[in-house]
>>> print(open('final_3.txt').read())   # compact mmCIF, C-alpha atoms
# COMPACT_ATOMS: atom_id res chain seq x y z
CA MET A 1 40.19 7.65 39.46
CA THR A 2 42.66 6.47 42.09
CA ASN A 3 44.60 9.76 42.09
CA SER A 4 41.43 11.87 42.43
CA ARG A 5 40.27 9.64 45.29
CA ARG A 6 43.59 10.06 47.09
CA LYS A 7 43.32 13.83 46.70
CA LEU A 8 39.73 13.83 48.01
CA TYR A 9 40.72 12.05 51.23
CA SER A 10 44.26 13.51 51.51
CA GLN A 11 45.67 10.00 51.21
CA ASN A 12 49.43 9.59 50.91
CA PHE A 13 50.19 5.88 51.17
CA LEU A 14 53.40 4.38 52.48
CA CYS A 15 54.89 2.22 49.75
CA SER A 16 57.70 0.26 51.45
CA ARG A 17 56.86 -2.89 53.42
CA LYS A 18 60.36 -2.78 54.90
CA LEU A 19 59.79 0.75 56.23
CA VAL A 20 56.37 -0.17 57.66
CA SER A 21 57.88 -3.21 59.37
CA SER A 22 60.55 -0.98 60.91
CA LEU A 23 57.99 1.60 62.06
CA VAL A 24 55.73 -0.98 63.69
CA GLY A 25 58.83 -2.60 65.15
CA ASN A 26 59.48 0.66 67.02
CA SER A 27 56.13 0.34 68.77
CA SER A 28 54.88 -1.56 71.80
CA ILE A 29 52.44 -3.61 69.72
CA GLU A 30 52.49 -7.29 70.63
CA LYS A 31 50.59 -10.46 69.79
CA ASN A 32 46.89 -10.35 70.78
CA ASP A 33 46.87 -6.56 71.25
CA LEU A 34 43.73 -4.85 69.95
CA VAL A 35 44.97 -2.27 67.43
CA VAL A 36 42.98 0.30 65.44
CA ASP A 37 44.31 1.19 61.97
CA ILE A 38 42.73 4.50 60.91
CA GLY A 39 42.42 5.03 57.16
CA ALA A 40 43.77 1.59 56.30
CA GLY A 41 43.78 2.30 52.55
CA GLN A 42 45.85 -0.24 50.64
CA GLY A 43 46.37 -2.28 53.81
CA ILE A 44 50.16 -2.07 54.11
CA ILE A 45 50.01 -1.28 57.86
CA THR A 46 47.12 -3.67 58.40
CA ALA A 47 49.19 -6.49 56.90
CA GLU A 48 52.13 -5.79 59.20
CA LEU A 49 49.91 -5.65 62.29
CA LEU A 50 48.33 -8.98 61.35
CA GLU A 51 51.78 -10.45 60.74
CA ARG A 52 52.63 -9.60 64.36
CA GLY A 53 49.55 -11.37 65.65
CA ALA A 54 47.54 -8.30 66.63
CA ASN A 55 43.75 -8.19 66.57
CA VAL A 56 43.16 -5.39 64.08
CA ILE A 57 40.21 -3.07 63.50
CA ALA A 58 40.84 -1.41 60.11
CA ILE A 59 38.75 1.72 59.51
CA GLU A 60 38.30 2.95 55.93
CA ILE A 61 35.92 5.66 54.73
CA ASP A 62 36.58 5.17 51.01
CA THR A 63 34.34 2.55 49.39
CA TYR A 64 36.99 1.65 46.80
CA TRP A 65 39.71 0.92 49.38
CA TYR A 66 37.25 -0.75 51.73
CA SER A 67 36.44 -3.22 48.93
CA HIS A 68 40.16 -3.60 48.24
CA LEU A 69 40.79 -4.52 51.88
CA HIS A 70 38.03 -7.13 51.73
CA SER A 71 39.70 -8.69 48.69
CA ARG A 72 43.20 -8.52 50.13
CA PHE A 73 42.36 -10.03 53.53
CA PRO A 74 39.72 -12.74 53.02
CA ASN A 75 38.74 -14.89 55.99
CA GLN A 76 41.03 -13.20 58.52
CA PRO A 77 39.73 -14.18 61.98
CA ASN A 78 41.70 -11.46 63.80
CA LEU A 79 40.69 -8.63 61.42
CA THR A 80 37.57 -6.48 61.60
CA LEU A 81 36.98 -4.20 58.62
CA VAL A 82 34.85 -1.12 59.23
CA HIS A 83 33.48 1.07 56.44
CA ALA A 84 33.09 4.38 58.28
CA ASP A 85 34.39 7.86 58.94
CA PHE A 86 36.67 7.44 61.94
CA LEU A 87 35.57 10.79 63.35
CA SER A 88 32.04 9.44 63.86
CA TRP A 89 33.05 5.86 64.74
CA PRO A 90 32.69 4.84 68.42
CA LEU A 91 36.03 3.93 69.97
CA PRO A 92 36.52 0.60 71.79
CA GLN A 93 35.55 0.49 75.45
CA ASN A 94 38.25 -2.01 76.40
CA SER A 95 42.04 -1.55 76.23
CA TYR A 96 43.37 -0.85 72.74
CA LYS A 97 46.24 0.71 70.82
CA VAL A 98 46.37 2.71 67.59
CA PHE A 99 48.82 2.53 64.70
CA ALA A 100 47.92 4.53 61.61
CA ASN A 101 49.09 6.67 58.72
CA LEU A 102 46.65 9.57 59.05
CA PRO A 103 45.14 11.66 56.25
CA PHE A 104 47.01 14.94 56.72
CA SER A 105 43.88 17.09 56.29
CA VAL A 106 42.17 15.69 59.40
CA GLU A 107 45.10 14.61 61.59
CA GLY A 108 44.38 17.29 64.21
CA LEU A 109 40.72 16.26 64.52
CA ILE A 110 41.68 12.60 64.86
CA ILE A 111 44.27 13.29 67.56
CA ARG A 112 41.79 15.41 69.53
CA LYS A 113 39.18 12.66 69.32
CA LEU A 114 41.63 10.08 70.66
CA LEU A 115 42.90 12.28 73.50
CA ASP A 116 39.47 13.55 74.55
CA ALA A 117 37.81 10.14 74.47
CA PRO A 118 36.37 8.70 77.70
CA HIS A 119 38.57 5.67 76.94
CA PRO A 120 41.70 6.90 75.12
CA PRO A 121 44.17 4.40 73.66
CA GLN A 122 46.80 2.90 75.92
CA ASP A 123 49.43 3.59 73.28
CA CYS A 124 49.10 5.51 70.01
CA TYR A 125 51.43 5.72 66.99
CA LEU A 126 50.47 8.14 64.25
CA ILE A 127 52.26 9.09 61.06
CA ILE A 128 51.55 12.81 60.66
CA MET A 129 53.13 15.93 59.15
CA ASP A 130 56.54 16.52 60.73
CA LYS A 131 55.90 20.21 61.47
CA PHE A 132 52.68 19.31 63.24
CA ALA A 133 54.43 16.56 65.22
CA ARG A 134 57.10 19.01 66.37
CA ARG A 135 54.42 21.45 67.47
CA LEU A 136 52.63 18.78 69.48
CA THR A 137 55.82 17.80 71.30
CA THR A 138 56.89 21.35 72.17
CA ASP A 139 56.76 22.17 75.87
CA HIS A 140 54.71 25.03 77.32
CA ASN A 141 52.23 25.51 74.48
CA LEU A 142 48.46 25.20 74.87
CA PHE A 143 48.34 21.61 73.60
CA SER A 144 50.98 20.27 75.99
CA SER A 145 49.50 22.23 78.90
CA LEU A 146 46.06 20.73 78.25
CA TYR A 147 47.14 17.09 78.01
CA THR A 148 50.48 16.57 79.78
CA PRO A 149 48.90 15.63 83.15
CA TRP A 150 47.60 12.41 81.58
CA PHE A 151 49.73 11.72 78.49
CA GLU A 152 53.35 11.63 77.39
CA PHE A 153 54.28 12.75 73.86
CA ASN A 154 57.32 12.15 71.68
CA ILE A 155 58.53 11.74 68.11
CA ILE A 156 59.96 8.28 67.47
CA ARG A 157 61.45 9.00 64.04
CA TYR A 158 61.04 11.11 60.93
CA VAL A 159 59.76 9.75 57.63
CA SER A 160 60.85 11.17 54.26
CA ARG A 161 58.14 12.49 51.96
CA TYR A 162 59.56 10.19 49.29
CA SER A 163 58.33 7.19 51.27
CA PHE A 164 54.76 8.02 50.19
CA ARG A 165 52.75 7.78 46.99
CA PRO A 166 51.76 10.29 45.84
CA VAL A 167 54.72 12.26 47.23
CA PRO A 168 53.46 15.02 49.57
CA SER A 169 55.05 18.46 49.78
CA ILE A 170 56.38 17.90 53.32
CA ASP A 171 58.07 15.20 55.37
CA ALA A 172 56.29 13.19 58.04
CA ALA A 173 57.01 11.82 61.50
CA LEU A 174 55.99 8.86 63.63
CA PHE A 175 54.31 10.67 66.52
CA HIS A 176 53.66 8.72 69.71
CA PHE A 177 51.58 9.35 72.78
CA SER A 178 50.77 7.08 75.70
CA LYS A 179 48.76 7.26 78.89
CA ARG A 180 50.85 7.96 81.95
CA GLN A 181 51.03 5.03 84.36
CA ARG A 182 50.70 7.58 87.15
CA PRO A 183 48.70 10.64 86.03
CA LEU A 184 49.93 13.98 87.37
CA LEU A 185 46.29 14.85 88.06
CA ASP A 186 43.31 12.55 88.63
CA TRP A 187 41.27 11.85 85.48
CA SER A 188 38.14 13.13 87.22
CA HIS A 189 39.59 16.68 87.09
CA ARG A 190 40.24 16.64 83.34
CA HIS A 191 37.31 18.85 82.31
CA THR A 192 37.75 21.53 84.98
CA TYR A 193 41.53 21.57 84.56
CA GLN A 194 41.37 22.01 80.78
CA GLN A 195 38.75 24.73 81.09
CA PHE A 196 41.05 26.50 83.55
CA VAL A 197 44.07 26.21 81.20
CA ARG A 198 42.14 27.59 78.23
CA ARG A 199 41.06 30.57 80.31
CA ALA A 200 44.58 31.13 81.60
CA PHE A 201 45.99 31.12 78.05
CA GLY A 202 43.38 33.67 77.05
CA ASN A 203 44.48 36.02 74.30
CA GLY A 204 48.23 36.02 74.92
CA GLN A 205 48.27 38.32 77.93
CA SER A 206 49.71 37.36 81.31
CA VAL A 207 48.21 34.41 83.19
CA TYR A 208 47.33 36.75 86.05
CA ARG A 209 45.40 39.09 83.80
CA ASN A 210 43.62 36.30 81.93
CA LEU A 211 42.47 34.61 85.14
CA SER A 212 41.35 37.93 86.60
CA HIS A 213 38.60 38.01 83.97
CA TYR A 214 37.02 34.96 85.62
CA HIS A 215 37.92 35.24 89.32
CA PRO A 216 38.11 38.08 91.90
CA LYS A 217 41.52 39.76 91.81
CA ASN A 218 42.06 39.37 95.54
CA ARG A 219 41.70 35.59 95.11
CA ILE A 220 44.18 35.54 92.22
CA ASP A 221 46.55 37.74 94.26
CA ARG A 222 46.50 35.22 97.11
CA ILE A 223 47.21 32.31 94.79
CA PHE A 224 50.10 34.02 93.05
CA HIS A 225 51.54 35.02 96.41
CA ASN A 226 51.20 31.49 97.80
CA LEU A 227 52.94 30.01 94.76
CA SER A 228 55.53 32.81 94.45
CA LEU A 229 54.45 33.57 90.87
CA ASN A 230 55.17 36.79 89.04
CA HIS A 231 52.11 38.69 87.84
CA HIS A 232 53.69 39.18 84.42
CA LEU A 233 54.22 35.50 83.63
CA LYS A 234 52.93 34.49 80.18
CA PRO A 235 51.25 31.09 79.69
CA SER A 236 54.27 29.79 77.78
CA HIS A 237 56.45 30.36 80.89
CA LEU A 238 54.61 27.85 83.08
CA SER A 239 55.76 24.26 83.51
CA PRO A 240 53.24 21.38 83.72
CA THR A 241 53.81 21.17 87.48
CA THR A 242 53.08 24.89 87.91
CA TRP A 243 49.87 24.58 85.88
CA ILE A 244 48.69 21.75 88.10
CA ASN A 245 49.62 23.55 91.34
CA LEU A 246 47.91 26.71 90.12
CA HIS A 247 44.76 24.79 89.27
CA ARG A 248 44.74 22.92 92.60
CA THR A 249 45.23 26.09 94.59
CA LEU A 250 42.55 27.96 92.68
CA THR A 251 40.09 25.09 93.11
CA LYS A 252 40.85 24.87 96.83
CA ILE A 253 40.45 28.58 97.44
CA SER A 254 37.35 28.78 95.24
CA ASN A 255 35.72 26.08 97.34
>>> encode(input="final_3.txt", output="structure tokens")
Amino acid sequence: MTNSRRKLYSQNFLCSRKLVSSLVGNSSIEKNDLVVDIGAGQGIITAELLERGANVIAIEIDTYWYSHLHSRFPNQPNLTLVHADFLSWPLPQNSYKVFANLPFSVEGLIIRKLLDAPHPPQDCYLIIMDKFARRLTTDHNLFSSLYTPWFEFNIIRYVSRYSFRPVPSIDAALFHFSKRQRPLLDWSHRHTYQQFVRRAFGNGQSVYRNLSHYHPKNRIDRIFHNLSLNHHLKPSHLSPTTWINLHRTLTKISN
């Protein structure tokens, strides 16, 4: 029953307390921090967070493991257990951090929810597939262009597949993102900026051509001239600073 349940929820549990202690030790989590543990499962991360004095919200969708967590952590004043699907659970409104070993099948959806939230986490540490982590930390792709003005991304360390039970087919990584202390663009512009970036990425053609589908060409010509940009530049050629300058100039001229 346990193996079929793990397969249903794509659960691959970390099995070394020493490794979990090391992973959490590489984070900014301190005593009294509010920390969300997504897919708490057997509670190995929850236990380490509690050991460090954090106030933990452990989310578990699986009834079996939710009951297990209740039995493992009785009468814990700084632990809140939540039986819910994280994707439909309302995030905290006050400052919080996240440390979790994510189900691989929904890691992209979870990351998007955290980043797109009105109140994203101050600091977030997620154990995810290593290939996915490398993609998320690659410069000049759509993901980094959408979120770099407000967040910083990095891989803290890699985690062998043999650290999990059952053993997955790929290795994992401890992926980290945090809110910039000084955003490159005001938070109030997030929606319009991201809409602009998605349009500019378009279908793989040049930025100039993609934007020309939405704005008069003479306006785009002026912007590219003002910023000394080549009409043949592909989206992957633009730095975060160029994206922001392009958006600001377009917004200014459009108004």
>>> closest_residue(input="final_3.txt", among="A:Leu115, A:Leu174, A:Leu23, A:Leu246", to="A:Glu152", atoms="only C-alpha atoms")
A:Leu115
>>> axis_aligned_box(input="final_3.txt", around="stretch 134-145 of chain A", padding_each_side="6 Å", output="lines of an AutoDock Vina configuration file")
center_x = 52.7
center_y = 21.7
center_z = 72.6
size_x = 20.8
size_y = 19.7
size_z = 24.5
>>> residues_around(input="final_3.txt", residues="stretch 237-242 of chain A", least_positions_apart="3", cutoff="7 Å", atoms="all atoms listed in the file", output="JSON list (two decimals) with C-alpha atoms, keeping the file's coordinate frame")
[["chain", "number", "residue", "atom", "x", "y", "z"],
["A", 140, "HIS", "CA", 54.71, 25.03, 77.32],
["A", 145, "SER", "CA", 49.50, 22.23, 78.90],
["A", 148, "THR", "CA", 50.48, 16.57, 79.78],
["A", 233, "LEU", "CA", 54.22, 35.50, 83.63],
["A", 234, "LYS", "CA", 52.93, 34.49, 80.18],
["A", 245, "ASN", "CA", 49.62, 23.55, 91.34],
["A", 246, "LEU", "CA", 47.91, 26.71, 90.12]]
>>> residues_around(input="final_3.txt", residues="stretch 106-110 of chain A", least_positions_apart="6", cutoff="12 Å", atoms="only C-alpha atoms", output="ChimeraX atom specification")
/A:8-11,38-39,85-89,91,98,100,116-117,120,124,126-130,132-133,135-136,143,172,175
>>> write_last_selection(input="final_3.txt", atoms="C-alpha atoms", output="short mmCIF file (atom, residue, chain, number, x, y, z; two decimals), in the frame of the given file")
data_model
loop_
_atom_site.label_atom_id
_atom_site.label_comp_id
_atom_site.auth_asym_id
_atom_site.auth_seq_id
_atom_site.Cartn_x
_atom_site.Cartn_y
_atom_site.Cartn_z
CA LEU A 8 39.73 13.83 48.01
CA TYR A 9 40.72 12.05 51.23
CA SER A 10 44.26 13.51 51.51
CA GLN A 11 45.67 10.00 51.21
CA ILE A 38 42.73 4.50 60.91
CA GLY A 39 42.42 5.03 57.16
CA ASP A 85 34.39 7.86 58.94
CA PHE A 86 36.67 7.44 61.94
CA LEU A 87 35.57 10.79 63.35
CA SER A 88 32.04 9.44 63.86
CA TRP A 89 33.05 5.86 64.74
CA LEU A 91 36.03 3.93 69.97
CA VAL A 98 46.37 2.71 67.59
CA ALA A 100 47.92 4.53 61.61
CA ASP A 116 39.47 13.55 74.55
CA ALA A 117 37.81 10.14 74.47
CA PRO A 120 41.70 6.90 75.12
CA CYS A 124 49.10 5.51 70.01
CA LEU A 126 50.47 8.14 64.25
CA ILE A 127 52.26 9.09 61.06
CA ILE A 128 51.55 12.81 60.66
CA MET A 129 53.13 15.93 59.15
CA ASP A 130 56.54 16.52 60.73
CA PHE A 132 52.68 19.31 63.24
CA ALA A 133 54.43 16.56 65.22
CA ARG A 135 54.42 21.45 67.47
CA LEU A 136 52.63 18.78 69.48
CA PHE A 143 48.34 21.61 73.60
CA ALA A 172 56.29 13.19 58.04
CA PHE A 175 54.31 10.67 66.52
#
>>> residues_around(input="final_3.txt", residues="stretch 221-229 of chain A", least_positions_apart="4", cutoff="7 Å", atoms="all atoms listed in the file", output="list in words")
Lys217, Thr249 and Leu250 of chain A
